[in-house]
Amino acid sequence: MDTLKLEILTPNGEIFNGEAVSVTLPGEEGEFGVLANHSSLSTLLEAGVIDIEKEDKSVESILINWGVVNVDEEKVIVLVEGAVAIRGESESAIAAALDDAKELINSIADSNPAIAAVSARIESAAQRLI
Amino acid sequence: MANLKDIQRQIKSVSNTQKTTRAMKLVSTAKLRRAEELARRSRLYADKMNQVIAEIAGRIKCNKIGGIDNRSFCKIENPAMVDIVFVTADKGLCGGFNIQTIKAVKKLLKEYQEQNVKVRLRGIGKKGVEFFKYNEVELFDSVTDLSSKPDKSRADEFIMTSIEDYKDGKIDGLHIVYNGFKNMMTQELHTMKVLPVDAEQYECNETQNSVLEIEAQDEEHMLNSLVDRYVEYAMYYALIDSVAAEHSARMQAMDTATNNAKDMVKGLKVQFNKARQAAITTELIEIISGVESMK
C-alpha cells in the first residue's frame, strides 16, 4: 500500500515523523483526509484532532489548537502551535496525555462550538487505546 | 624594583577578578545549556516554516497560482520606508557579540540611506538601544528586557506593529538582524529579510508541475494569517537563538578572561619571588659587610 511521509511539528519539537497510510486533518473549511499522491495543497487548520492511520492499521490521534498544513505528492508537513499526542505505554500515561489534551482545549480562548465535539473525540480516542 | 607589598596586593586583586570571571563562566554555561536546548527544539519548526513559506512564495512567483496579489509575496520596487528590527543582549561582558550585530545594522542602514530609503529602527536589547541613543541615531521604538527573557506574547505584540504597517503600506520591507547560535564556540550573524517573502532562491522546477491549491474561502485570509504566524515565529526564534548565542559568547569571553588572569598571576608571582630574593640578598650583604667592618 502506498504511504505518505508525515511530519507534525510544534515549536517545542517534533511530535510525529513517519510513514502513514492516511491522515485526517481538521481544516478550517471542514475535516479532510489525505492519502498518498495527494495534489499540492496548503490550508489552515483549526482546533481539532488529527487522525493518523499507520501502516499497521493502528490509528493515532493528536490534538492541535491551530496549524497550517502543506501537502504535496510525497509528503505532508503540519505545523502546529500546540499539540498533544494521545498515546502512552500504560493506562496512566494515556490518562496523563488526556489531561494535557483537556488543558490544551481549555486554553483555546474563543469558545468554539466545535470544542465540545473535539473533547468527545479525544475521549473516544483514549478509550480505544485503553 | 616594585615594592613587595605592592606586588602582593596586585596578585590578590587579579586572583579576585579571576574568581569572578570563573563564576560568570559557570553561570553562563548553565544558562547556555537551557537556552540551547530550547533553540534546538525550535529550529526544526522554524526551518520547516521557512520551507513552507518559501514553497508558497515560489509557486506564486512561478505563476502556478493565478490571480493572487498578496502584498507579502510581491516584490516591491522602489521601497520608500523599511523597518529594521535588531536584537542585542541586555548585558555586556560577552566579547564582540553585541558590536557585531550593531555593525551589521549600521551597514544595512547605510545601504538604504544611499538608496534614499527611509529606515525605521526598532531595537530589542539594552546594549544596542543604548549604542544608537549615544550616537544620536533615532530609534522608532525599543524594548529592553525582552532579549534576556524571550516571551512569545510580548514578541508577537512587538512585531505586530511592523506586520500591520506593512499590510497597510506604511512600510515596504522588514528586516530582522540578530546574532545567532552556531555552536559552543561560534556565533553566526543573521540578517533576515522577512517581508516581503523572498522567492528569489526558489527555482521554478518543472518536475513539480502540480498546481498548488489553497483551500480556504478566501486565499487572502489564509495567506495573511500564515504570514502573521511566520513573521511572529521568525521574531520569537530570533530572540531565543540570540539568547543561546549570548550565553555562548559570554562563556567564551569569561573563559578567556579567566585564562588571562591566570597568566597574569603567574607573571606576578615570578616578579614577587625575584623581588623577595633581591631583598634577601641585600640583607645578607648588609650583615656580611657589618661583620667585616667589626674585624
# chains A, B, ... in the order shown; residues from 1 in each chain; ligands from 1
$ residues_around --residues "Lys118 (chain B)" --least-positions-apart "5" --cutoff "7 Å" --atoms "only C-alpha atoms" --output "PDB file with N, CA and C atoms, in the first residue's frame"
ATOM      1  N   ALA B  80       9.915  52.844  -0.098  1.00  0.00           N
ATOM      2  CA  ALA B  80      10.048  54.189   0.457  1.00  0.00           C
ATOM      3  C   ALA B  80      10.505  54.135   1.908  1.00  0.00           C
ATOM      4  N   MET B  81      10.076  53.112   2.613  1.00  0.00           N
ATOM      5  CA  MET B  81      10.416  53.017   4.036  1.00  0.00           C
ATOM      6  C   MET B  81      10.522  51.542   4.426  1.00  0.00           C
ATOM      7  N   VAL B  82      11.537  51.208   5.177  1.00  0.00           N
ATOM      8  CA  VAL B  82      11.664  49.833   5.655  1.00  0.00           C
ATOM      9  C   VAL B  82      11.881  49.827   7.165  1.00  0.00           C
ATOM     10  N   GLN B 113      20.229  54.171   3.162  1.00  0.00           N
ATOM     11  CA  GLN B 113      20.311  55.624   3.061  1.00  0.00           C
ATOM     12  C   GLN B 113      20.894  56.050   1.720  1.00  0.00           C
TER      13      GLN B 113
END
$ closest_atom_pairs --of "chain A" --to "chain B" --cutoff "10 Å" --atoms "only C-alpha atoms" --output "tab-separated table"
residue	atom	partner	partner_atom	distance
A:Glu7	CA	B:Lys48	CA	9.7
A:Ile8	CA	B:Tyr45	CA	9.3
A:Leu9	CA	B:Tyr45	CA	5.9
A:Thr10	CA	B:Tyr45	CA	6.2
A:Pro11	CA	B:Ser42	CA	5.0
A:Asn12	CA	B:Arg41	CA	5.4
A:Gly13	CA	B:Arg41	CA	4.8
A:Glu14	CA	B:Leu44	CA	7.6
A:Gly27	CA	B:Glu215	CA	8.7
A:Glu28	CA	B:Ala216	CA	7.2
A:Glu29	CA	B:Ala216	CA	6.4
A:Gly30	CA	B:Ala216	CA	9.9
A:Ser39	CA	B:Ser210	CA	6.9
A:Ser40	CA	B:Leu212	CA	4.8
A:Leu41	CA	B:Glu213	CA	4.6
A:Ser42	CA	B:Ile214	CA	5.0
A:Thr43	CA	B:Glu215	CA	5.3
A:Leu44	CA	B:Met222	CA	6.5
A:Gly67	CA	B:Leu226	CA	9.1
A:Val68	CA	B:Leu226	CA	7.5
A:Val69	CA	B:Val52	CA	8.8
A:Asn70	CA	B:Val52	CA	6.8
A:Val71	CA	B:Leu212	CA	8.9
A:Asp72	CA	B:Leu212	CA	8.4
A:Glu73	CA	B:Ser210	CA	8.6
A:Ile77	CA	B:Lys48	CA	8.0
A:Val78	CA	B:Lys48	CA	9.2
A:Leu79	CA	B:Tyr45	CA	7.2
A:Val80	CA	B:Tyr45	CA	9.0
A:Glu81	CA	B:Arg229	CA	9.4
$ residues_around --residues "Gly173 (chain B)" --least-positions-apart "4" --cutoff "9 Å" --atoms "only C-alpha atoms" --output "PyMOL selection string"
chain B and resi 76+79+81-84+166+193-196
$ write_last_selection --atoms "C-alpha atoms" --output "tab-separated table (two decimals), in the first residue's frame"
chain	number	residue	atom	x	y	z
B	76	ILE	CA	8.25	45.84	-4.11
B	79	PRO	CA	10.65	50.94	-1.41
B	81	MET	CA	10.42	53.02	4.04
B	82	VAL	CA	11.66	49.83	5.65
B	83	ASP	CA	11.77	48.52	9.20
B	84	ILE	CA	14.93	47.10	10.69
B	166	TYR	CA	3.45	46.50	6.16
B	193	LYS	CA	14.64	39.77	5.07
B	194	VAL	CA	11.32	38.72	6.45
B	195	LEU	CA	8.94	40.81	4.39
B	196	PRO	CA	8.26	40.71	1.53
$ residues_around --residues "Leu35 (chain A)" --least-positions-apart "2" --cutoff "12 Å" --atoms "only C-alpha atoms" --output "PyMOL selection string"
chain A and resi 1-6+19-25+32-33+37-40+52-54+71-76
$ write_last_selection --atoms "N, CA and C atoms" --output "tab-separated table (two decimals), in the first residue's frame"
chain	number	residue	atom	x	y	z
A	1	MET	N	0.84	-1.21	0.00
A	1	MET	CA	0.00	0.00	0.00
A	1	MET	C	0.88	1.26	0.00
A	2	ASP	N	0.44	2.22	-0.75
A	2	ASP	CA	1.21	3.46	-0.80
A	2	ASP	C	1.13	4.17	0.56
A	3	THR	N	2.24	4.74	0.93
A	3	THR	CA	2.23	5.51	2.18
A	3	THR	C	2.72	6.93	1.88
A	4	LEU	N	2.40	7.79	2.79
A	4	LEU	CA	2.90	9.16	2.65
A	4	LEU	C	3.76	9.49	3.85
A	5	LYS	N	4.66	10.43	3.63
A	5	LYS	CA	5.56	10.82	4.71
A	5	LYS	C	4.88	11.97	5.46
A	6	LEU	N	4.72	11.77	6.75
A	6	LEU	CA	4.01	12.78	7.53
A	6	LEU	C	4.92	13.36	8.60
A	19	GLU	N	5.88	7.32	8.43
A	19	GLU	CA	5.03	6.95	7.31
A	19	GLU	C	3.59	6.76	7.81
A	20	ALA	N	2.66	7.12	6.97
A	20	ALA	CA	1.26	6.90	7.32
A	20	ALA	C	0.50	6.51	6.07
A	21	VAL	N	-0.57	5.76	6.26
A	21	VAL	CA	-1.39	5.37	5.12
A	21	VAL	C	-2.33	6.52	4.76
A	22	SER	N	-2.95	7.07	5.79
A	22	SER	CA	-3.80	8.22	5.54
A	22	SER	C	-3.80	9.12	6.77
A	23	VAL	N	-4.15	10.36	6.55
A	23	VAL	CA	-4.23	11.28	7.67
A	23	VAL	C	-5.47	12.16	7.50
A	24	THR	N	-6.18	12.34	8.59
A	24	THR	CA	-7.38	13.18	8.56
A	24	THR	C	-7.09	14.45	9.34
A	25	LEU	N	-7.35	15.57	8.69
A	25	LEU	CA	-6.97	16.84	9.30
A	25	LEU	C	-8.18	17.75	9.51
A	32	PHE	N	-10.82	17.02	6.40
A	32	PHE	CA	-10.50	16.37	5.13
A	32	PHE	C	-9.42	15.31	5.32
A	33	GLY	N	-9.45	14.34	4.45
A	33	GLY	CA	-8.48	13.25	4.54
A	33	GLY	C	-7.46	13.36	3.43
A	37	ASN	N	0.01	10.48	-2.69
A	37	ASN	CA	-0.14	11.09	-4.01
A	37	ASN	C	-1.26	12.13	-4.08
A	38	HIS	N	-1.50	12.78	-3.00
A	38	HIS	CA	-2.49	13.85	-3.00
A	38	HIS	C	-1.90	15.04	-3.77
A	39	SER	N	-2.75	15.83	-4.40
A	39	SER	CA	-2.22	17.00	-5.10
A	39	SER	C	-1.82	18.07	-4.09
A	40	SER	N	-1.00	18.99	-4.54
A	40	SER	CA	-0.46	20.01	-3.64
A	40	SER	C	-1.58	20.87	-3.07
A	52	ILE	N	-4.17	9.76	12.45
A	52	ILE	CA	-3.17	9.21	11.54
A	52	ILE	C	-3.37	7.70	11.48
A	53	GLU	N	-3.60	7.20	10.28
A	53	GLU	CA	-3.69	5.74	10.13
A	53	GLU	C	-2.33	5.24	9.69
A	54	LYS	N	-1.75	4.39	10.53
A	54	LYS	CA	-0.40	3.94	10.24
A	54	LYS	C	-0.43	2.65	9.44
A	71	VAL	N	0.62	20.16	1.82
A	71	VAL	CA	0.59	18.81	1.26
A	71	VAL	C	1.23	18.86	-0.11
A	72	ASP	N	2.11	17.93	-0.41
A	72	ASP	CA	2.47	17.74	-1.81
A	72	ASP	C	2.50	16.24	-2.10
A	73	GLU	N	2.93	15.86	-3.30
A	73	GLU	CA	2.79	14.47	-3.73
A	73	GLU	C	3.47	13.49	-2.78
A	74	GLU	N	4.61	13.91	-2.22
A	74	GLU	CA	5.37	12.94	-1.43
A	74	GLU	C	5.14	13.05	0.07
A	75	LYS	N	4.91	14.29	0.52
A	75	LYS	CA	4.88	14.41	1.97
A	75	LYS	C	3.83	15.41	2.46
A	76	VAL	N	3.53	15.30	3.72
A	76	VAL	CA	2.60	16.21	4.36
A	76	VAL	C	3.32	16.83	5.54
$ select_by_dssp --residues "region 72-248 of chain B" --states "strand (DSSP E)" --output "count of residues only"
36
$ residues_around --residues "Gly267 (chain B)" --least-positions-apart "4" --cutoff "12 Å" --atoms "only C-alpha atoms" --output "PyMOL selection string"
chain B and resi 7+10-11+14+260-263+271-274
$ atom_distance --atom1 "CA of Ala96 (chain A)" --atom2 "CA of Lys31 (chain B)"
29.6 Å
$ select_by_dssp --residues "region 8-112 of chain A" --states "alpha helix (DSSP H)" --output "list of chain:residue names"
A:Glu91, A:Ser92, A:Ala93, A:Ile94, A:Ala95, A:Ala96, A:Ala97, A:Leu98, A:Asp99, A:Asp100, A:Ala101, A:Lys102, A:Glu103, A:Leu104, A:Ile105, A:Asn106, A:Ser107
$ write_last_selection --atoms "C-alpha atoms" --output "PDB file, in the first residue's frame"
ATOM      1  CA  GLU A  91      -3.178   3.373  31.155  1.00  0.00           C
ATOM      2  CA  SER A  92      -1.840   6.025  33.470  1.00  0.00           C
ATOM      3  CA  ALA A  93       0.317   7.502  30.719  1.00  0.00           C
ATOM      4  CA  ILE A  94      -2.730   7.697  28.474  1.00  0.00           C
ATOM      5  CA  ALA A  95      -4.707   9.329  31.253  1.00  0.00           C
ATOM      6  CA  ALA A  96      -1.928  11.883  31.711  1.00  0.00           C
ATOM      7  CA  ALA A  97      -1.929  12.619  27.980  1.00  0.00           C
ATOM      8  CA  LEU A  98      -5.691  13.032  28.142  1.00  0.00           C
ATOM      9  CA  ASP A  99      -5.328  15.572  30.943  1.00  0.00           C
ATOM     10  CA  ASP A 100      -2.772  17.502  28.905  1.00  0.00           C
ATOM     11  CA  ALA A 101      -5.141  17.434  25.973  1.00  0.00           C
ATOM     12  CA  LYS A 102      -8.005  18.803  28.046  1.00  0.00           C
ATOM     13  CA  GLU A 103      -5.782  21.564  29.328  1.00  0.00           C
ATOM     14  CA  LEU A 104      -4.882  22.495  25.760  1.00  0.00           C
ATOM     15  CA  ILE A 105      -8.541  22.618  24.783  1.00  0.00           C
ATOM     16  CA  ASN A 106      -9.357  24.852  27.721  1.00  0.00           C
ATOM     17  CA  SER A 107      -6.544  27.204  26.792  1.00  0.00           C
TER      18      SER A 107
END
$ closest_residue --among "A:Glu60, A:Pro26, A:Gly48, A:Asn17" --to "Arg87 (chain A)" --atoms "only C-alpha atoms"
A:Glu60
